[in-house]
Amino acid sequence: MTVLLEPLRRAWRTPRGRAGVLVLLAIAVVVIFSPPLLPDPLAQPDPIGGASLAPSIAHPFGTDQLSRDVLSRVAVGGRVSLAVAIIAVGLSITLGALVGLVAGYWGGLVDAALMRLVDAALAVPRLFLLLLVLAMSERVPVWALVLLIGATGWFGTSRIVRAEVLRLREESYVRASEALGASRRRVIFRHLLPNTLGPLLVAATLGVGDVILLEAGLSFLGLGIQPPAPSWGGMILDAREVLVTAPWAGLFPGAAIVLTVLSANLVGDAVRDAVDPRAA
Amino acid sequence: MTAPSSAGPLLEVRDLIKHYHSTGLFRASAPAVRAVDGVSFDVGRGETLALVGESGCGKSSVGRTILRLQEPTSGSAVFEGIDLFPLDRAELRRLRRRMQIIFQDPYSSLNPRMTVGAAVAEGLEIHRLAPPKEIPDRVAALFEEVGLDPSYAGRYPHEFSGGQRQRIGIARALAVQPSFIVCDEPVSALDVSVQAQVLNLLSDLQRDRGLSYLFIAHDLAVVRQIARRVAVMYLGRIVEEAPTEPLLAEPRHPYTVALLSAVPEPDPTLRRSRIVLRGDLPSPSNPPAGCPFHPRCFHPRKDQRCVSEVPRLRPVGVTSAACHYAEETPRQDAP
Amino acid sequence: MTRVLEVENLRVSFPDGSGRRFRPVDGVTFTLDRGETMALVGESGCGKSLTSLALLRLIPPPGRIEPDSSIRLGGTDVLGLEGNALRQIRGRRIGMIFQDPMTSLNPVLRVGDQIGEGIRAHFPVSKAEARERSLRLLQEVGIPDPGSRLDAYPHELSGGMRQRVMIAIALAAEPEILVADEPTTALDVTVQAQILEVLDRLRSSRGMAVLLITHDLGIVAGRADRVAVMYAGQIVEEAPTARLFANPSHPYTQGLFASVPRIRGPARRLTPIPGSVPPATAWPSGCRFRPRCLKAFDKCVMEPPLLPIEPGHRARCWLAETPR
């Protein structure tokens, strides 16, 4: 696990990386711990008098047109968005790594077959594919959404991992292991995988940002997280009606998205620089 | 071929050929790289055969192909009486214990993400040579055998110098108790004083454990320290093979003469006419017809036969040389 | 004898991460005369490469040359130069060739262009004239069929050829001094012989001074007029070549000779120097070779200066005080 900590530690040292990590941590803390302290995000306590209230002490982010507290909706919505992002990215990374490792190490027909599959999949725009599947289905439960996003996000990672494996395969320590009689499985998991964790970590951190945007977009189109469960994208969708009268209803979820994606990208960039072998 | 040991050679290689074919759409148009083009030799028990040559001569490919780290194109390698090339993966894995390899580059020969103790223990784990409880002790013993402090086993490769990493690589190879080790330029990347340390270590280990080495190198002076027989390679073929001292004293193949002449000797009083070869090494994918050395050969008897007929390795005095006119090779200054 | 280079008390320092600086080159002094070849010999970590980079002020930041160092080229103080004046000496007065020709040549530029670049940086000539001169340079370094090679890319040439191209580039501005940093280490021994022959020829035909940096005592033997042996950032022995080989006086030099394998002479077991080279971040106190020296005695806890052994021959060892 020191393998993972090392690039993170180095990312921490750069000012941008540190900013990204701190912001992400802050968002995570808010999103995880604040909801019990806040009003019910689904409750519409006062649909006539309490709707579209500007930010105040009682409602730091104001209320939307249904008098729901925006702050608590942002917080709870954030839970879902982050959870979706982390799990989906976790799935993508795992799939991508497995395919990349096998294709890169086995070579030959296996490699060719897998890579043609990846090429074909990459030819289909991810968003369109998701839109198609989601639009054709009835209510899609969150876990299915996560699976779908995760299952469509591993192709690029597999190529990156495969390229790393092709390079690593020629290293003397891999040959030494083969000469000792190591099985293919052992070589892949003990020698190749640990040395590809760097690029994987980069793909993971940048992927989180991507998925947040993706999920927000899908929710905005009404295809992602279904109402009344709050989601950042969904909140922006709802906020269209009151853009002029209650801009905070759309501003805060929008800012949350921007902040999260930006800091994820900052962390991702810092990790990538930390992992770059030339900088080592 | 000089017959080394009475109990029969440990390793007999015959007509080994390794050609690399380029892959891809343009396969048909690119000629194969003939890295190893018909190599035969024996290695006896407890002895060292050095395989010497410059880059592109195929010596590293020979080492890797024998161990089947790369698959041969054709030929045979019989190790302890067993023909290595037809073996399937399971049988080969069992035999891997007996034949090991140490590499040239100390910086890529160890997994940067693994502790050196784990690297040395890997062979023990793969072949289940010791119960898990005993492994740390076995690793410690191996560290001591190669001259390293056993308490360093928990450290990572980047914390060690080049010479120390080579020792770790040797310990890793020794862990499975092989009888034969391919040493692929093990000291080429090391400084002079470290090189001497590692060479002495390899000698001592050979004596203590009865190991046989196929010592691959480009430096004849280094080879002299550890090998009793030398085979000189050029463009995928062995052009001369002999016991070390006679080869250095009286080389018979012109390439060997040139190679010896080019080795810089730390003695400024030595006046000698250096033979400087003209031209570049031909490409292994397009070797010259006839004798592969003829375009650069300076032998006074060089003639049409050299262009048309490939010379075979044949005994000439105490050596074997692949030259039509080996008997008349001009002598160099005496040692 | 015209003195072309005078280096005095050269010190190069780098930050060690904890606010202090360490000195991989720690007080190097030598001179070079016109037409002379001097070899700087040592193993990795002794500071020889940094010394050569310092001559051209090419020490990468955050490293720097310490203020009490002095490098004089003819009458010019190299350390006082800036900007254009500094660029003028690089290539024009000191040329440099590096160890690995593959990474020292730009892979996307043709060979002729790279040489031409060197020429036109220092002489106001037309492209055609530069090309003409490049052709002659390629001939001079012994490249066959130089006309067609001018338009080749580096990867189309063999290692030996590339190194010759590097030499041609270094010569393009007609420097007085050529610094060759391990010019043959990455090459096969027969190619090495070819390159060294080129350098010999150039040296006599052009009257250049050559600073040859290497770890290989064999290369030094036939080619250098004087040798300086470096260890731990300092010169520990310097002498005319014949004297160094006949009478190595510093225990490190003696140790090197004992650990070099040879082709000639009787076969013998090598006697390696015990221990390993100290890191530049932690030079030993007193005599830096003391921890590894079999002849160390009590005075060695004090750092010795270079002491005379015989005319022109000095060693940084207290043993030099006792007559042999």
# chains A, B, ... in the order shown; residues from 1 in each chain; ligands from 1
>>> residues_around(residues="Thr51 in chain C", least_positions_apart="2", cutoff="8 Å", atoms="only C-alpha atoms", output="compact mmCIF listing (two decimals) with N, CA and C atoms, in the first residue's frame")
# COMPACT_ATOMS: atom_id res chain seq x y z
N LEU C 10 38.35 24.43 -7.81
CA LEU C 10 36.97 24.34 -8.29
C LEU C 10 36.13 23.58 -7.29
N VAL C 12 31.99 22.58 -6.62
CA VAL C 12 30.60 22.61 -7.08
C VAL C 12 29.74 22.11 -5.94
N VAL C 25 32.20 18.18 -6.09
CA VAL C 25 33.53 18.56 -6.59
C VAL C 25 34.08 19.49 -5.52
N GLY C 47 33.11 12.82 -9.12
CA GLY C 47 32.99 14.23 -9.49
C GLY C 47 33.61 14.61 -10.80
N LYS C 48 34.10 13.65 -11.57
CA LYS C 48 34.82 14.03 -12.80
C LYS C 48 33.89 14.63 -13.86
N SER C 49 32.70 14.06 -14.00
CA SER C 49 31.80 14.62 -15.01
C SER C 49 31.35 16.02 -14.64
N LEU C 53 31.55 19.61 -16.73
CA LEU C 53 30.40 20.48 -16.96
C LEU C 53 30.66 21.87 -16.41
N ALA C 54 31.39 21.93 -15.32
CA ALA C 54 31.67 23.23 -14.71
C ALA C 54 32.49 24.10 -15.65
N LEU C 55 33.36 23.48 -16.42
CA LEU C 55 34.21 24.26 -17.32
C LEU C 55 33.37 25.06 -18.30
>>> residues_around(residues="range 258-265 of chain A", least_positions_apart="2", cutoff="12 Å", atoms="only C-alpha atoms", output="PyMOL selection string")
chain A and resi 11+15-28+31+78+81-82+85-86+201-216+232-233+251-256+267-272
>>> residues_around(residues="Ile57 in chain A", least_positions_apart="5", cutoff="12 Å", atoms="only C-alpha atoms", output="CSV table (one decimal) with C-alpha atoms, in the first residue's frame")
chain,number,residue,atom,x,y,z
A,62,GLY,CA,-31.6,29.4,0.5
A,63,THR,CA,-34.6,27.3,-0.6
A,69,ASP,CA,-33.5,23.5,1.9
A,71,LEU,CA,-27.9,23.2,1.5
>>> interface_residues(of="chain C", to="chain B", cutoff="7 Å", atoms="only C-alpha atoms", output="PyMOL selection string")
chain C and resi 43-44+188-190+193-194+217-219+221-222+242+245+256+259-265+269-270+272-273
>>> write_last_selection(atoms="C-alpha atoms", output="PDB file, in the first residue's frame")
ATOM      1  CA  GLU C  43      34.871   5.865 -10.776  1.00  0.00           C
ATOM      2  CA  SER C  44      31.227   6.887 -10.520  1.00  0.00           C
ATOM      3  CA  ASP C 188      32.039  -1.838 -28.310  1.00  0.00           C
ATOM      4  CA  VAL C 189      35.750  -2.298 -27.904  1.00  0.00           C
ATOM      5  CA  THR C 190      36.521  -2.446 -31.613  1.00  0.00           C
ATOM      6  CA  ALA C 193      39.516   1.654 -30.901  1.00  0.00           C
ATOM      7  CA  GLN C 194      38.250   3.424 -34.020  1.00  0.00           C
ATOM      8  CA  LEU C 217      42.950   3.070 -17.145  1.00  0.00           C
ATOM      9  CA  GLY C 218      43.615   1.194 -20.345  1.00  0.00           C
ATOM     10  CA  ILE C 219      42.455   4.089 -22.514  1.00  0.00           C
ATOM     11  CA  ALA C 221      47.778   4.438 -21.008  1.00  0.00           C
ATOM     12  CA  GLY C 222      48.329   5.014 -24.682  1.00  0.00           C
ATOM     13  CA  ALA C 242      54.358   6.932 -17.488  1.00  0.00           C
ATOM     14  CA  PHE C 245      51.675   3.654 -14.172  1.00  0.00           C
ATOM     15  CA  LEU C 256      42.530   0.547  -8.886  1.00  0.00           C
ATOM     16  CA  SER C 259      41.454  -4.516  -9.363  1.00  0.00           C
ATOM     17  CA  VAL C 260      41.699  -4.053 -13.103  1.00  0.00           C
ATOM     18  CA  PRO C 261      41.626  -7.310 -15.038  1.00  0.00           C
ATOM     19  CA  ARG C 262      44.278  -7.582 -17.729  1.00  0.00           C
ATOM     20  CA  ILE C 263      44.828  -9.569 -20.838  1.00  0.00           C
ATOM     21  CA  ARG C 264      48.559  -9.625 -20.657  1.00  0.00           C
ATOM     22  CA  GLY C 265      50.787 -10.784 -17.885  1.00  0.00           C
ATOM     23  CA  ARG C 269      43.066 -13.154  -8.732  1.00  0.00           C
ATOM     24  CA  LEU C 270      41.959  -9.530  -8.524  1.00  0.00           C
ATOM     25  CA  PRO C 272      39.313  -5.385  -5.023  1.00  0.00           C
ATOM     26  CA  ILE C 273      39.299  -2.284  -2.894  1.00  0.00           C
TER      27      ILE C 273
END
>>> select_by_dssp(residues="range 133-218 of chain B", states="strand (DSSP E)", output="PyMOL selection string")
chain B and resi 180-184+212-217
>>> interface_residues(of="chain B", to="chain A", cutoff="6 Å", atoms="only C-alpha atoms", output="PDB file with N, CA and C atoms, in the first residue's frame")
ATOM      1  N   ARG B  93       9.147 -25.887 -15.796  1.00  0.00           N
ATOM      2  CA  ARG B  93       9.190 -25.181 -14.516  1.00  0.00           C
ATOM      3  C   ARG B  93       9.972 -25.987 -13.494  1.00  0.00           C
ATOM      4  N   ARG B  96      13.584 -25.467 -14.042  1.00  0.00           N
ATOM      5  CA  ARG B  96      14.087 -24.105 -13.885  1.00  0.00           C
ATOM      6  C   ARG B  96      14.910 -23.956 -12.629  1.00  0.00           C
ATOM      7  N   SER B 108      17.484  -2.607 -13.430  1.00  0.00           N
ATOM      8  CA  SER B 108      16.183  -3.160 -13.807  1.00  0.00           C
ATOM      9  C   SER B 108      16.060  -4.624 -13.417  1.00  0.00           C
ATOM     10  N   SER B 109      17.071  -5.175 -12.744  1.00  0.00           N
ATOM     11  CA  SER B 109      16.972  -6.597 -12.441  1.00  0.00           C
ATOM     12  C   SER B 109      16.219  -6.862 -11.145  1.00  0.00           C
ATOM     13  N   LEU B 110      15.853  -5.809 -10.429  1.00  0.00           N
ATOM     14  CA  LEU B 110      15.068  -5.998  -9.202  1.00  0.00           C
ATOM     15  C   LEU B 110      13.785  -5.185  -9.285  1.00  0.00           C
ATOM     16  N   ASN B 111      12.685  -5.802  -8.875  1.00  0.00           N
ATOM     17  CA  ASN B 111      11.390  -5.129  -8.879  1.00  0.00           C
ATOM     18  C   ASN B 111      11.416  -3.987  -7.871  1.00  0.00           C
ATOM     19  N   GLY B 123      12.084 -17.480  -5.355  1.00  0.00           N
ATOM     20  CA  GLY B 123      12.328 -18.832  -5.862  1.00  0.00           C
ATOM     21  C   GLY B 123      11.944 -19.887  -4.841  1.00  0.00           C
TER      22      GLY B 123
END
>>> closest_residue(among="B:Asp105, B:Val13, B:Ala50, B:Arg94", to="Ser76 in chain B", atoms="only C-alpha atoms")
B:Val13
>>> residues_around(residues="range 129-145 of chain A", least_positions_apart="3", cutoff="9 Å", atoms="only C-alpha atoms", output="count of residues only")
16
>>> residues_around(residues="Lys127 in chain C", least_positions_apart="6", cutoff="10 Å", atoms="only C-alpha atoms", output="ChimeraX atom specification")
/C:113,116-117,119-120,133
>>> residues_around(residues="Leu150 in chain C", least_positions_apart="2", cutoff="6 Å", atoms="only C-alpha atoms", output="VMD selection string")
chain C and resid 111 to 112 147 to 148 152
>>> write_last_selection(atoms="N, CA and C atoms", output="mmCIF file, in the first residue's frame")
data_model
loop_
_atom_site.group_PDB
_atom_site.id
_atom_site.type_symbol
_atom_site.label_atom_id
_atom_site.label_comp_id
_atom_site.auth_asym_id
_atom_site.auth_seq_id
_atom_site.Cartn_x
_atom_site.Cartn_y
_atom_site.Cartn_z
ATOM 1 N N VAL C 111 21.825 14.940 -39.612
ATOM 2 C CA VAL C 111 23.174 15.091 -39.101
ATOM 3 C C VAL C 111 23.834 16.370 -39.620
ATOM 4 N N GLY C 112 23.702 16.595 -40.887
ATOM 5 C CA GLY C 112 24.311 17.776 -41.497
ATOM 6 C C GLY C 112 23.793 19.057 -40.861
ATOM 7 N N GLY C 147 29.159 12.600 -48.062
ATOM 8 C CA GLY C 147 28.130 13.356 -48.774
ATOM 9 C C GLY C 147 26.735 12.867 -48.476
ATOM 10 N N SER C 148 26.563 11.561 -48.512
ATOM 11 C CA SER C 148 25.223 11.041 -48.274
ATOM 12 C C SER C 148 24.901 11.039 -46.792
ATOM 13 N N ALA C 152 21.571 12.124 -43.378
ATOM 14 C CA ALA C 152 21.018 11.001 -42.610
ATOM 15 C C ALA C 152 20.527 11.490 -41.253
#
>>> residues_around(residues="Thr245 in chain A", least_positions_apart="4", cutoff="10 Å", atoms="only C-alpha atoms", output="MDAnalysis selection string")
chainID A and resid 52:54 64:65 239 241 249
>>> write_last_selection(atoms="N, CA and C atoms", output="CSV table (one decimal), in the first residue's frame")
chain,number,residue,atom,x,y,z
A,52,SER,N,-38.4,29.6,-2.6
A,52,SER,CA,-37.5,30.5,-3.2
A,52,SER,C,-37.0,31.6,-2.3
A,53,LEU,N,-36.6,31.2,-1.1
A,53,LEU,CA,-36.1,32.1,-0.1
A,53,LEU,C,-34.6,32.3,-0.4
A,54,ALA,N,-34.1,33.6,-0.3
A,54,ALA,CA,-32.7,33.8,-0.5
A,54,ALA,C,-31.9,33.2,0.7
A,64,ASP,N,-35.4,26.2,-2.5
A,64,ASP,CA,-35.8,26.1,-3.9
A,64,ASP,C,-37.3,26.4,-4.1
A,65,GLN,N,-37.9,26.3,-5.3
A,65,GLN,CA,-39.2,26.7,-5.5
A,65,GLN,C,-40.2,25.8,-4.7
A,239,ALA,N,-33.8,23.8,-11.3
A,239,ALA,CA,-33.6,25.2,-11.1
A,239,ALA,C,-33.8,26.1,-12.3
A,241,GLU,N,-36.4,26.6,-14.0
A,241,GLU,CA,-37.6,27.4,-13.9
A,241,GLU,C,-37.4,28.7,-13.1
A,249,ALA,N,-30.7,28.4,-6.3
A,249,ALA,CA,-31.2,27.0,-6.4
A,249,ALA,C,-30.3,26.3,-7.4
>>> atom_distance(atom1="CA of Ala90 in chain B", atom2="CA of Tyr105 in chain A")
18.8 Å
>>> decode(residues="range 202-235 of chain C", atoms="N, CA and C atoms", output="PDB file, in the first residue's frame")
ATOM      1  N   LEU C 202      43.124  13.770 -34.691  1.00  0.00           N
ATOM      2  CA  LEU C 202      42.672  15.163 -34.598  1.00  0.00           C
ATOM      3  C   LEU C 202      43.576  15.962 -33.672  1.00  0.00           C
ATOM      4  N   ARG C 203      43.957  15.311 -32.639  1.00  0.00           N
ATOM      5  CA  ARG C 203      44.803  15.997 -31.669  1.00  0.00           C
ATOM      6  C   ARG C 203      46.076  16.490 -32.332  1.00  0.00           C
ATOM      7  N   SER C 204      46.726  15.605 -33.096  1.00  0.00           N
ATOM      8  CA  SER C 204      47.989  16.043 -33.699  1.00  0.00           C
ATOM      9  C   SER C 204      47.746  16.992 -34.854  1.00  0.00           C
ATOM     10  N   SER C 205      46.678  16.769 -35.646  1.00  0.00           N
ATOM     11  CA  SER C 205      46.504  17.657 -36.803  1.00  0.00           C
ATOM     12  C   SER C 205      46.025  19.040 -36.394  1.00  0.00           C
ATOM     13  N   ARG C 206      45.274  19.128 -35.319  1.00  0.00           N
ATOM     14  CA  ARG C 206      44.737  20.440 -34.956  1.00  0.00           C
ATOM     15  C   ARG C 206      45.441  21.094 -33.780  1.00  0.00           C
ATOM     16  N   GLY C 207      46.304  20.368 -33.130  1.00  0.00           N
ATOM     17  CA  GLY C 207      46.987  20.954 -31.984  1.00  0.00           C
ATOM     18  C   GLY C 207      46.050  21.317 -30.850  1.00  0.00           C
ATOM     19  N   MET C 208      44.994  20.554 -30.689  1.00  0.00           N
ATOM     20  CA  MET C 208      44.046  20.853 -29.616  1.00  0.00           C
ATOM     21  C   MET C 208      44.554  20.319 -28.296  1.00  0.00           C
ATOM     22  N   ALA C 209      44.097  20.923 -27.231  1.00  0.00           N
ATOM     23  CA  ALA C 209      44.304  20.316 -25.920  1.00  0.00           C
ATOM     24  C   ALA C 209      43.092  19.436 -25.668  1.00  0.00           C
ATOM     25  N   VAL C 210      43.320  18.293 -25.053  1.00  0.00           N
ATOM     26  CA  VAL C 210      42.195  17.392 -24.808  1.00  0.00           C
ATOM     27  C   VAL C 210      42.107  17.066 -23.331  1.00  0.00           C
ATOM     28  N   LEU C 211      40.913  17.186 -22.786  1.00  0.00           N
ATOM     29  CA  LEU C 211      40.674  16.729 -21.417  1.00  0.00           C
ATOM     30  C   LEU C 211      39.846  15.457 -21.550  1.00  0.00           C
ATOM     31  N   LEU C 212      40.451  14.349 -21.226  1.00  0.00           N
ATOM     32  CA  LEU C 212      39.797  13.062 -21.425  1.00  0.00           C
ATOM     33  C   LEU C 212      39.306  12.553 -20.079  1.00  0.00           C
ATOM     34  N   ILE C 213      38.017  12.345 -19.990  1.00  0.00           N
ATOM     35  CA  ILE C 213      37.445  11.900 -18.725  1.00  0.00           C
ATOM     36  C   ILE C 213      37.023  10.450 -18.870  1.00  0.00           C
ATOM     37  N   THR C 214      37.509   9.610 -17.992  1.00  0.00           N
ATOM     38  CA  THR C 214      37.232   8.192 -18.168  1.00  0.00           C
ATOM     39  C   THR C 214      37.425   7.438 -16.867  1.00  0.00           C
ATOM     40  N   HIS C 215      36.932   6.207 -16.838  1.00  0.00           N
ATOM     41  CA  HIS C 215      37.195   5.361 -15.688  1.00  0.00           C
ATOM     42  C   HIS C 215      38.152   4.245 -16.092  1.00  0.00           C
ATOM     43  N   ASP C 216      38.508   4.222 -17.379  1.00  0.00           N
ATOM     44  CA  ASP C 216      39.251   3.100 -17.942  1.00  0.00           C
ATOM     45  C   ASP C 216      40.739   3.429 -18.024  1.00  0.00           C
ATOM     46  N   LEU C 217      41.520   2.804 -17.166  1.00  0.00           N
ATOM     47  CA  LEU C 217      42.950   3.070 -17.145  1.00  0.00           C
ATOM     48  C   LEU C 217      43.621   2.647 -18.442  1.00  0.00           C
ATOM     49  N   GLY C 218      43.029   1.668 -19.096  1.00  0.00           N
ATOM     50  CA  GLY C 218      43.615   1.194 -20.345  1.00  0.00           C
ATOM     51  C   GLY C 218      43.614   2.268 -21.418  1.00  0.00           C
ATOM     52  N   ILE C 219      42.541   3.032 -21.501  1.00  0.00           N
ATOM     53  CA  ILE C 219      42.455   4.089 -22.514  1.00  0.00           C
ATOM     54  C   ILE C 219      43.497   5.153 -22.232  1.00  0.00           C
ATOM     55  N   VAL C 220      43.689   5.414 -20.967  1.00  0.00           N
ATOM     56  CA  VAL C 220      44.613   6.465 -20.569  1.00  0.00           C
ATOM     57  C   VAL C 220      46.041   6.125 -20.981  1.00  0.00           C
ATOM     58  N   ALA C 221      46.388   4.859 -20.847  1.00  0.00           N
ATOM     59  CA  ALA C 221      47.778   4.438 -21.008  1.00  0.00           C
ATOM     60  C   ALA C 221      48.392   4.887 -22.316  1.00  0.00           C
ATOM     61  N   GLY C 222      47.692   4.714 -23.415  1.00  0.00           N
ATOM     62  CA  GLY C 222      48.329   5.014 -24.682  1.00  0.00           C
ATOM     63  C   GLY C 222      48.186   6.455 -25.109  1.00  0.00           C
ATOM     64  N   ARG C 223      47.366   7.226 -24.395  1.00  0.00           N
ATOM     65  CA  ARG C 223      46.919   8.456 -25.012  1.00  0.00           C
ATOM     66  C   ARG C 223      47.109   9.737 -24.235  1.00  0.00           C
ATOM     67  N   ALA C 224      47.248   9.641 -22.942  1.00  0.00           N
ATOM     68  CA  ALA C 224      47.303  10.881 -22.177  1.00  0.00           C
ATOM     69  C   ALA C 224      48.732  11.218 -21.846  1.00  0.00           C
ATOM     70  N   ASP C 225      49.021  12.527 -21.825  1.00  0.00           N
ATOM     71  CA  ASP C 225      50.349  12.963 -21.396  1.00  0.00           C
ATOM     72  C   ASP C 225      50.422  12.990 -19.880  1.00  0.00           C
ATOM     73  N   ARG C 226      49.319  13.428 -19.273  1.00  0.00           N
ATOM     74  CA  ARG C 226      49.278  13.495 -17.816  1.00  0.00           C
ATOM     75  C   ARG C 226      47.965  12.907 -17.323  1.00  0.00           C
ATOM     76  N   VAL C 227      48.001  12.429 -16.094  1.00  0.00           N
ATOM     77  CA  VAL C 227      46.799  11.826 -15.516  1.00  0.00           C
ATOM     78  C   VAL C 227      46.520  12.439 -14.159  1.00  0.00           C
ATOM     79  N   ALA C 228      45.243  12.692 -13.880  1.00  0.00           N
ATOM     80  CA  ALA C 228      44.845  13.074 -12.526  1.00  0.00           C
ATOM     81  C   ALA C 228      43.787  12.076 -12.096  1.00  0.00           C
ATOM     82  N   VAL C 229      44.013  11.470 -10.935  1.00  0.00           N
ATOM     83  CA  VAL C 229      43.056  10.496 -10.422  1.00  0.00           C
ATOM     84  C   VAL C 229      42.149  11.187  -9.420  1.00  0.00           C
ATOM     85  N   MET C 230      40.845  11.037  -9.595  1.00  0.00           N
ATOM     86  CA  MET C 230      39.902  11.687  -8.681  1.00  0.00           C
ATOM     87  C   MET C 230      39.218  10.676  -7.777  1.00  0.00           C
ATOM     88  N   TYR C 231      39.008  11.099  -6.547  1.00  0.00           N
ATOM     89  CA  TYR C 231      38.248  10.282  -5.611  1.00  0.00           C
ATOM     90  C   TYR C 231      37.523  11.228  -4.666  1.00  0.00           C
ATOM     91  N   ALA C 232      36.243  10.982  -4.447  1.00  0.00           N
ATOM     92  CA  ALA C 232      35.475  11.777  -3.486  1.00  0.00           C
ATOM     93  C   ALA C 232      35.637  13.268  -3.696  1.00  0.00           C
ATOM     94  N   GLY C 233      35.511  13.684  -4.947  1.00  0.00           N
ATOM     95  CA  GLY C 233      35.499  15.119  -5.219  1.00  0.00           C
ATOM     96  C   GLY C 233      36.854  15.798  -5.265  1.00  0.00           C
ATOM     97  N   GLN C 234      37.895  15.061  -5.037  1.00  0.00           N
ATOM     98  CA  GLN C 234      39.225  15.673  -5.050  1.00  0.00           C
ATOM     99  C   GLN C 234      40.170  14.919  -5.974  1.00  0.00           C
ATOM    100  N   ILE C 235      41.236  15.640  -6.386  1.00  0.00           N
ATOM    101  CA  ILE C 235      42.289  14.940  -7.110  1.00  0.00           C
ATOM    102  C   ILE C 235      43.180  14.304  -6.048  1.00  0.00           C
TER     103      ILE C 235
END
